[in-house]
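Engineer: Contents of run23.pdb (PDB, C-alpha atoms and all ligand atoms):
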```pdb
ATOM      1  CA  MET Z   1     -10.413  -3.711   6.705  1.00  0.00           C
ATOM      2  CA  ALA Z   2      -7.925  -5.322   4.455  1.00  0.00           C
ATOM      3  CA  PRO Z   3      -8.357  -9.045   3.874  1.00  0.00           C
ATOM      4  CA  PHE Z   4      -4.629  -9.514   4.367  1.00  0.00           C
ATOM      5  CA  HIS Z   5      -3.127 -11.028   7.468  1.00  0.00           C
ATOM      6  CA  PHE Z   6      -1.109  -7.873   7.874  1.00  0.00           C
ATOM      7  CA  TRP Z   7      -0.111  -8.690  11.419  1.00  0.00           C
ATOM      8  CA  LEU Z   8       2.493 -10.966   9.814  1.00  0.00           C
ATOM      9  CA  LEU Z   9       4.225  -7.769   8.741  1.00  0.00           C
ATOM     10  CA  THR Z  10       4.162  -5.830  11.999  1.00  0.00           C
ATOM     11  CA  LYS Z  11       7.949  -6.054  12.235  1.00  0.00           C
ATOM     12  CA  TYR Z  12       8.259  -4.680   8.696  1.00  0.00           C
ATOM     13  CA  PRO Z  13       6.330  -1.401   8.699  1.00  0.00           C
ATOM     14  CA  SER Z  14       6.139   0.990   5.765  1.00  0.00           C
ATOM     15  CA  TYR Z  15       6.821   3.963   7.985  1.00  0.00           C
ATOM     16  CA  THR Z  16       7.192   5.125  11.559  1.00  0.00           C
ATOM     17  CA  GLU Z  17       5.156   8.065  12.777  1.00  0.00           C
ATOM     18  CA  THR Z  18       6.260  10.113  15.761  1.00  0.00           C
ATOM     19  CA  LEU Z  19       4.036  12.715  17.392  1.00  0.00           C
ATOM     20  CA  ILE Z  20       6.104  15.698  18.434  1.00  0.00           C
ATOM     21  CA  CYS Z  21       4.676  18.291  20.787  1.00  0.00           C
ATOM     22  CA  ALA Z  22       6.320  21.249  22.459  1.00  0.00           C
ATOM     23  CA  CYS Z  23       5.117  19.961  25.832  1.00  0.00           C
ATOM     24  CA  SER Z  24       7.278  16.839  25.802  1.00  0.00           C
ATOM     25  CA  ARG Z  25      10.890  15.821  25.611  1.00  0.00           C
ATOM     26  CA  LYS Z  26      11.913  13.801  22.613  1.00  0.00           C
ATOM     27  CA  LYS Z  27      12.255  10.493  24.481  1.00  0.00           C
ATOM     28  CA  ASN Z  28       8.626  10.715  25.569  1.00  0.00           C
ATOM     29  CA  ASN Z  29       7.159  11.247  22.153  1.00  0.00           C
ATOM     30  CA  PHE Z  30       4.505   8.825  20.943  1.00  0.00           C
ATOM     31  CA  THR Z  31       5.659   6.572  18.135  1.00  0.00           C
ATOM     32  CA  ARG Z  32       3.812   4.001  16.086  1.00  0.00           C
ATOM     33  CA  ASP Z  33       4.730   1.757  13.182  1.00  0.00           C
ATOM     34  CA  VAL Z  34       2.354   1.649  10.223  1.00  0.00           C
ATOM     35  CA  VAL Z  35       2.339  -1.452   7.987  1.00  0.00           C
ATOM     36  CA  LEU Z  36      -0.182  -0.502   5.310  1.00  0.00           C
ATOM     37  CA  ILE Z  37      -0.674   2.882   3.656  1.00  0.00           C
ATOM     38  CA  THR Z  38      -4.213   3.293   2.355  1.00  0.00           C
ATOM     39  CA  ILE Z  39      -4.436   5.827  -0.440  1.00  0.00           C
ATOM     40  CA  GLU Z  40      -7.762   6.977  -1.838  1.00  0.00           C
ATOM     41  CA  VAL Z  41      -7.370   7.315  -5.571  1.00  0.00           C
ATOM     42  CA  GLU Z  42      -9.716   9.563  -7.526  1.00  0.00           C
ATOM     43  CA  SER Z  43     -10.068   7.241 -10.487  1.00  0.00           C
ATOM     44  CA  ASN Z  44      -8.630   4.126 -12.061  1.00  0.00           C
ATOM     45  CA  ASP Z  45      -5.290   5.909 -12.479  1.00  0.00           C
ATOM     46  CA  LEU Z  46      -1.959   5.732 -10.640  1.00  0.00           C
ATOM     47  CA  SER Z  47      -0.005   8.214 -12.770  1.00  0.00           C
ATOM     48  CA  THR Z  48       0.169  10.658  -9.845  1.00  0.00           C
ATOM     49  CA  LEU Z  49       0.920   8.018  -7.205  1.00  0.00           C
ATOM     50  CA  GLN Z  50       4.071   9.756  -5.974  1.00  0.00           C
ATOM     51  CA  GLN Z  51       2.153  13.001  -5.384  1.00  0.00           C
ATOM     52  CA  MET Z  52      -0.719  11.130  -3.712  1.00  0.00           C
ATOM     53  CA  ILE Z  53       1.679   9.542  -1.218  1.00  0.00           C
ATOM     54  CA  MET Z  54       3.410  12.858  -0.551  1.00  0.00           C
ATOM     55  CA  ASN Z  55       0.023  14.474   0.098  1.00  0.00           C
ATOM     56  CA  PHE Z  56      -0.805  11.627   2.473  1.00  0.00           C
ATOM     57  CA  PHE Z  57       2.409  12.242   4.435  1.00  0.00           C
ATOM     58  CA  GLU Z  58       2.200  16.015   4.372  1.00  0.00           C
ATOM     59  CA  GLU Z  59      -1.123  16.520   6.131  1.00  0.00           C
ATOM     60  CA  THR Z  60      -0.335  19.664   8.051  1.00  0.00           C
ATOM     61  CA  GLU Z  61      -3.139  19.736  10.600  1.00  0.00           C
ATOM     62  CA  ASN Z  62      -2.022  19.602  14.188  1.00  0.00           C
ATOM     63  CA  LEU Z  63      -2.919  16.442  16.060  1.00  0.00           C
ATOM     64  CA  TYR Z  64      -4.153  15.766  19.558  1.00  0.00           C
ATOM     65  CA  CYS Z  65      -1.428  15.338  22.175  1.00  0.00           C
ATOM     66  CA  ARG Z  66      -2.326  12.833  24.865  1.00  0.00           C
ATOM     67  CA  ARG Z  67       0.019  14.454  27.343  1.00  0.00           C
ATOM     68  CA  CYS Z  68      -0.975  18.129  27.289  1.00  0.00           C
ATOM     69  CA  LYS Z  69      -4.478  17.417  25.919  1.00  0.00           C
ATOM     70  CA  GLU Z  70      -4.056  20.100  23.275  1.00  0.00           C
ATOM     71  CA  GLN Z  71      -4.408  19.945  19.516  1.00  0.00           C
ATOM     72  CA  SER Z  72      -0.754  20.865  19.219  1.00  0.00           C
ATOM     73  CA  ALA Z  73       1.238  17.845  18.052  1.00  0.00           C
ATOM     74  CA  ARG Z  74       2.935  17.461  14.706  1.00  0.00           C
ATOM     75  CA  ARG Z  75       3.590  14.205  12.818  1.00  0.00           C
ATOM     76  CA  GLN Z  76       7.111  13.277  11.894  1.00  0.00           C
ATOM     77  CA  ILE Z  77       7.225  10.526   9.258  1.00  0.00           C
ATOM     78  CA  ASN Z  78      10.182   8.247   8.716  1.00  0.00           C
ATOM     79  CA  VAL Z  79       9.801   5.959   5.734  1.00  0.00           C
ATOM     80  CA  ARG Z  80      11.402   2.527   6.056  1.00  0.00           C
ATOM     81  CA  ASN Z  81      12.728   0.019   3.511  1.00  0.00           C
ATOM     82  CA  HIS Z  82       9.546  -0.554   1.556  1.00  0.00           C
ATOM     83  CA  LEU Z  83       6.056   0.891   1.105  1.00  0.00           C
ATOM     84  CA  LEU Z  84       3.032  -1.403   1.184  1.00  0.00           C
ATOM     85  CA  LEU Z  85       0.159   0.453  -0.435  1.00  0.00           C
ATOM     86  CA  GLU Z  86      -3.548  -0.144  -0.692  1.00  0.00           C
ATOM     87  CA  ALA Z  87      -5.200   1.875  -3.461  1.00  0.00           C
ATOM     88  CA  VAL Z  88      -8.896   2.418  -2.838  1.00  0.00           C
ATOM     89  CA  PRO Z  89     -11.238   4.192  -5.249  1.00  0.00           C
ATOM     90  CA  PRO Z  90     -13.393   6.765  -3.400  1.00  0.00           C
ATOM     91  CA  GLY Z  91     -16.769   5.969  -1.945  1.00  0.00           C
ATOM     92  CA  THR Z  92     -16.351   2.235  -2.263  1.00  0.00           C
ATOM     93  CA  GLY Z  93     -16.415  -0.606   0.154  1.00  0.00           C
ATOM     94  CA  ASN Z  94     -14.001  -3.465   0.023  1.00  0.00           C
ATOM     95  CA  THR Z  95     -15.774  -5.408  -2.670  1.00  0.00           C
ATOM     96  CA  GLU Z  96     -13.828  -7.029  -5.428  1.00  0.00           C
ATOM     97  CA  ASN Z  97     -15.322  -4.763  -8.077  1.00  0.00           C
ATOM     98  CA  ASN Z  98     -13.493  -1.753  -6.742  1.00  0.00           C
ATOM     99  CA  ASP Z  99      -9.964  -2.873  -7.482  1.00  0.00           C
ATOM    100  CA  LEU Z 100      -7.784  -0.971  -9.917  1.00  0.00           C
ATOM    101  CA  ILE Z 101      -7.559  -2.407 -13.416  1.00  0.00           C
ATOM    102  CA  LEU Z 102      -4.494  -1.183 -15.300  1.00  0.00           C
ATOM    103  CA  ARG Z 103      -2.205  -2.226 -18.127  1.00  0.00           C
ATOM    104  CA  PRO Z 104       1.378  -3.083 -17.092  1.00  0.00           C
ATOM    105  CA  ASP Z 105       2.725   0.203 -18.498  1.00  0.00           C
ATOM    106  CA  GLN Z 106       0.183   2.207 -16.449  1.00  0.00           C
ATOM    107  CA  ILE Z 107       1.567   0.954 -13.131  1.00  0.00           C
ATOM    108  CA  PRO Z 108       4.306   3.267 -11.737  1.00  0.00           C
ATOM    109  CA  LYS Z 109       7.682   1.525 -11.502  1.00  0.00           C
ATOM    110  CA  GLN Z 110       9.619   4.071  -9.463  1.00  0.00           C
ATOM    111  CA  ILE Z 111       8.572   6.800  -7.071  1.00  0.00           C
ATOM    112  CA  ARG Z 112      10.543   9.124  -4.836  1.00  0.00           C
ATOM    113  CA  VAL Z 113       9.118   9.698  -1.374  1.00  0.00           C
ATOM    114  CA  MET Z 114      10.902  11.747   1.303  1.00  0.00           C
ATOM    115  CA  ASN Z 115      14.285  11.483  -0.401  1.00  0.00           C
ATOM    116  CA  SER Z 116      14.028   7.703  -0.804  1.00  0.00           C
ATOM    117  CA  LEU Z 117      13.639   6.047  -4.178  1.00  0.00           C
ATOM    118  CA  PHE Z 118      11.222   3.117  -4.179  1.00  0.00           C
ATOM    119  CA  THR Z 119      11.145   0.576  -6.999  1.00  0.00           C
ATOM    120  CA  LEU Z 120       8.062  -1.508  -7.678  1.00  0.00           C
ATOM    121  CA  ARG Z 121       8.344  -5.168  -6.706  1.00  0.00           C
ATOM    122  CA  GLY Z 122       4.843  -6.105  -7.735  1.00  0.00           C
ATOM    123  CA  VAL Z 123       1.120  -5.843  -7.227  1.00  0.00           C
ATOM    124  CA  ILE Z 124      -1.242  -8.170  -5.395  1.00  0.00           C
ATOM    125  CA  SER Z 125      -4.655  -9.335  -6.510  1.00  0.00           C
ATOM    126  CA  PHE Z 126      -7.254 -10.679  -4.159  1.00  0.00           C
ATOM    127  CA  ILE Z 127      -9.988 -12.970  -5.386  1.00  0.00           C
ATOM    128  CA  SER Z 128     -12.900 -13.192  -2.952  1.00  0.00           C
ATOM    129  CA  PRO Z 129     -14.235 -16.619  -2.032  1.00  0.00           C
ATOM    130  CA  CYS Z 130     -16.993 -17.598  -4.431  1.00  0.00           C
ATOM    131  CA  VAL Z 131     -18.983 -19.455  -1.782  1.00  0.00           C
ATOM    132  CA  GLU Z 132     -20.711 -17.930   1.198  1.00  0.00           C
ATOM    133  CA  ASP Z 133     -18.581 -19.828   3.645  1.00  0.00           C
ATOM    134  CA  MET Z 134     -17.385 -17.871   6.661  1.00  0.00           C
ATOM    135  CA  THR Z 135     -14.176 -19.917   6.773  1.00  0.00           C
ATOM    136  CA  ALA Z 136     -13.292 -19.291   3.112  1.00  0.00           C
ATOM    137  CA  ILE Z 137     -10.512 -16.742   2.860  1.00  0.00           C
ATOM    138  CA  GLY Z 138     -10.260 -16.157  -0.874  1.00  0.00           C
ATOM    139  CA  HIS Z 139      -7.123 -16.338  -2.958  1.00  0.00           C
ATOM    140  CA  PHE Z 140      -4.142 -14.059  -3.472  1.00  0.00           C
ATOM    141  CA  THR Z 141      -2.024 -13.851  -6.592  1.00  0.00           C
ATOM    142  CA  ALA Z 142       1.065 -11.717  -7.197  1.00  0.00           C
ATOM    143  CA  TYR Z 143       2.225  -9.956 -10.347  1.00  0.00           C
ATOM    144  CA  CYS Z 144       5.941  -9.378  -9.825  1.00  0.00           C
ATOM    145  CA  TRP Z 145       7.688  -6.752 -11.901  1.00  0.00           C
ATOM    146  CA  ARG Z 146      11.146  -7.697 -13.229  1.00  0.00           C
ATOM    147  CA  ALA Z 147      13.194  -4.586 -13.895  1.00  0.00           C
ATOM    148  CA  HIS Z 148      15.707  -6.292 -16.210  1.00  0.00           C
ATOM    149  CA  THR Z 149      12.979  -7.362 -18.633  1.00  0.00           C
ATOM    150  CA  ASP Z 150      10.429  -4.638 -17.777  1.00  0.00           C
ATOM    151  CA  ARG Z 151       7.779  -7.346 -17.579  1.00  0.00           C
ATOM    152  CA  PHE Z 152       5.373  -8.682 -15.013  1.00  0.00           C
ATOM    153  CA  GLU Z 153       5.303 -12.347 -14.054  1.00  0.00           C
ATOM    154  CA  LEU Z 154       2.201 -13.894 -12.539  1.00  0.00           C
ATOM    155  CA  TYR Z 155       2.607 -16.061  -9.455  1.00  0.00           C
ATOM    156  CA  ASP Z 156      -0.485 -18.100  -8.683  1.00  0.00           C
ATOM    157  CA  ASP Z 157      -0.183 -21.233  -6.564  1.00  0.00           C
ATOM    158  CA  LEU Z 158      -3.375 -22.627  -8.074  1.00  0.00           C
ATOM    159  CA  GLN Z 159      -1.582 -22.968 -11.429  1.00  0.00           C
ATOM    160  CA  SER Z 160      -0.118 -26.387 -12.071  1.00  0.00           C
ATOM    161  CA  SER Z 161       2.984 -25.112 -13.885  1.00  0.00           C
ATOM    162  CA  THR Z 162       5.996 -23.963 -11.880  1.00  0.00           C
ATOM    163  CA  LYS Z 163       7.309 -21.823 -14.729  1.00  0.00           C
ATOM    164  CA  PRO Z 164       6.801 -18.064 -14.547  1.00  0.00           C
ATOM    165  CA  ILE Z 165       3.782 -16.845 -16.465  1.00  0.00           C
ATOM    166  CA  TYR Z 166       4.730 -13.740 -18.432  1.00  0.00           C
ATOM    167  CA  VAL Z 167       2.042 -11.097 -18.526  1.00  0.00           C
ATOM    168  CA  LYS Z 168       1.305  -9.583 -21.930  1.00  0.00           C
ATOM    169  CA  THR Z 169       1.697  -5.814 -22.320  1.00  0.00           C
ATOM    170  CA  THR Z 170      -1.987  -5.623 -23.253  1.00  0.00           C
ATOM    171  CA  THR Z 171      -3.234  -7.637 -20.268  1.00  0.00           C
ATOM    172  CA  MET Z 172      -5.344  -5.657 -17.817  1.00  0.00           C
ATOM    173  CA  ILE Z 173      -4.066  -6.376 -14.310  1.00  0.00           C
ATOM    174  CA  LYS Z 174      -6.656  -6.202 -11.544  1.00  0.00           C
ATOM    175  CA  PHE Z 175      -5.196  -5.422  -8.146  1.00  0.00           C
ATOM    176  CA  ARG Z 176      -5.610  -3.560  -4.882  1.00  0.00           C
ATOM    177  CA  TYR Z 177      -2.184  -3.695  -3.224  1.00  0.00           C
ATOM    178  CA  LEU Z 178       1.246  -2.653  -4.451  1.00  0.00           C
TER     179      LEU Z 178
HETATM  180 ZN    ZN I 201       1.608  18.157  24.100  1.00  0.00          ZN
END
```
How would this structure read if it were set down as structure tokens?
Ligand SMILES: [Zn+2]
Structural biologist:
Amino acid sequence: MAPFHFWLLTKYPSYTETLICACSRKKNNFTRDVVLITIEVESNDLSTLQQMIMNFFEETENLYCRRCKEQSARRQINVRNHLLLEAVPPGTGNTENNDLILRPDQIPKQIRVMNSLFTLRGVISFISPCVEDMTAIGHFTAYCWRAHTDRFELYDDLQSSTKPIYVKTTTMIKFRYL
């Protein structure tokens, strides 16, 4: 499970999935909104991110239809205004050590998915609580990408300065969400 309070975003899903089956009329099809897209990445590498997302959407196996009880439904995906992605290395839990660690130029800035062009807004780092306190929730920071300067700015509310912190091109950014 993601540490995020993703329920805050339920009105802003990444995509809508509709199950279409020959047994039902269109108005009765099952639809659900999906907030977070979890992509298993094969290594510490996002250079093929666009293809990984397309593969995720293009799973061709038929799905179970709750109405006719057959394995005969197809998924129809409609992407929305943004994509919220979680990149998870394979065979890992959700420990902090399994985040991606990339230089700014290794993070994809634009991808095209289902005829929509998506531009990176930023990546999110999660720092686990350092004490074994069940009420501790950890700390999030955001690295926002600014297209006009092609630079990342770090936003961290634990920093005392209110000025943007520019991220060096050689800095390794550790993150899980983008
Ligand atoms: Zn059916």
Engineer: Would you mind listing the residues within 7 Å of ligand ZN 201 (chain I), counting all atoms listed in the file, as an mmCIF file with C-alpha atoms, in the coordinates of the input?
Structural biologist:
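Result saved to pocket.cif:
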```cif
data_model
loop_
_atom_site.group_PDB
_atom_site.id
_atom_site.type_symbol
_atom_site.label_atom_id
_atom_site.label_comp_id
_atom_site.auth_asym_id
_atom_site.auth_seq_id
_atom_site.Cartn_x
_atom_site.Cartn_y
_atom_site.Cartn_z
ATOM 1 C CA CYS Z 21 4.676 18.291 20.787
ATOM 2 C CA ALA Z 22 6.320 21.249 22.459
ATOM 3 C CA CYS Z 23 5.117 19.961 25.832
ATOM 4 C CA SER Z 24 7.278 16.839 25.802
ATOM 5 C CA CYS Z 65 -1.428 15.338 22.175
ATOM 6 C CA ARG Z 66 -2.326 12.833 24.865
ATOM 7 C CA ARG Z 67 0.019 14.454 27.343
ATOM 8 C CA CYS Z 68 -0.975 18.129 27.289
ATOM 9 C CA LYS Z 69 -4.478 17.417 25.919
ATOM 10 C CA GLU Z 70 -4.056 20.100 23.275
ATOM 11 C CA SER Z 72 -0.754 20.865 19.219
ATOM 12 C CA ALA Z 73 1.238 17.845 18.052
#
```
Engineer: Residues picked by the PyMOL selection byres (((chain Z and resi 31-43) around 6) and not hetatm) here, as a ChimeraX atom specification?
Structural biologist: /Z:13-18,30,44-45,84-90
Engineer: Taking only C-alpha atoms into account, which of Z:Met172, Z:Ile53, Z:Leu46, Z:Ala142 comes nearest Ile124 of chain Z?
Structural biologist: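 Going through Z:Met172, Z:Ile53, Z:Leu46, Z:Ala142 one by one, the smallest distance to Ile124 of chain Z is for Z:Ala142.
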Engineer: What gap, in Å, lies between atom CA of Ile127 of chain Z and atom CA of His139 of chain Z?
Structural biologist: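 Straight-line distance from atom CA of Ile127 of chain Z to atom CA of His139 of chain Z works out to 5.0 Å.
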Engineer: At a cut-off of 12 Å, using only C-alpha atoms, what residues contact Gln50 of chain Z? Leave out same-chain residues fewer than 4 positions from it and give the result as a list in words.
Structural biologist: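 The filter keeps Ile39, Val41, Leu46, Met54, Asn55, Phe56, Phe57, Leu83, Leu85, Ile107, Pro108, Lys109, Gln110, Ile111, Arg112, Val113, Met114, Asn115, Ser116, Leu117, Phe118 and Thr119 of chain Z.
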Engineer: Interatomic distance between atom CA of Ser125 of chain Z and atom CA of Ile165 of chain Z?
Structural biologist: 15.1 Å
Engineer: Could you give me the centre and size, in Å to one decimal, of an axis-aligned box around all listed atoms of segment 121-132 of chain Z with 6 Å added on every side, as JSON?
Structural biologist:
```
{"center_x": -6.2, "center_y": -12.3, "center_z": -3.3, "size_x": 41.1, "size_y": 26.3, "size_z": 20.9}
```
Engineer: For the atom pair atom CA of Leu49 of chain Z and atom CA of Ile77 of chain Z, what is the interatomic distance in Å to one decimal place?
Structural biologist: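 Interatomic distance, atom CA of Leu49 of chain Z to atom CA of Ile77 of chain Z: 17.8 Å.
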Engineer: Show which residues sit within 10 Å of Glu61 of chain Z, as a list in words. Count all atoms listed in the file, and ignore same-chain residues fewer than 2 positions away.
Structural biologist: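 Result of the neighbour search: Glu58, Glu59, Leu63, Tyr64, Gln71, Ser72, Ala73, Arg74 and Arg75 of chain Z.
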Engineer: Give the answer as one residue: which of Z:Arg80, Z:Arg103, Z:Lys11, Z:Arg146 has the shortest atom-to-atom distance to Lys168 of chain Z, using all atoms listed in the file?
Structural biologist: Z:Arg103
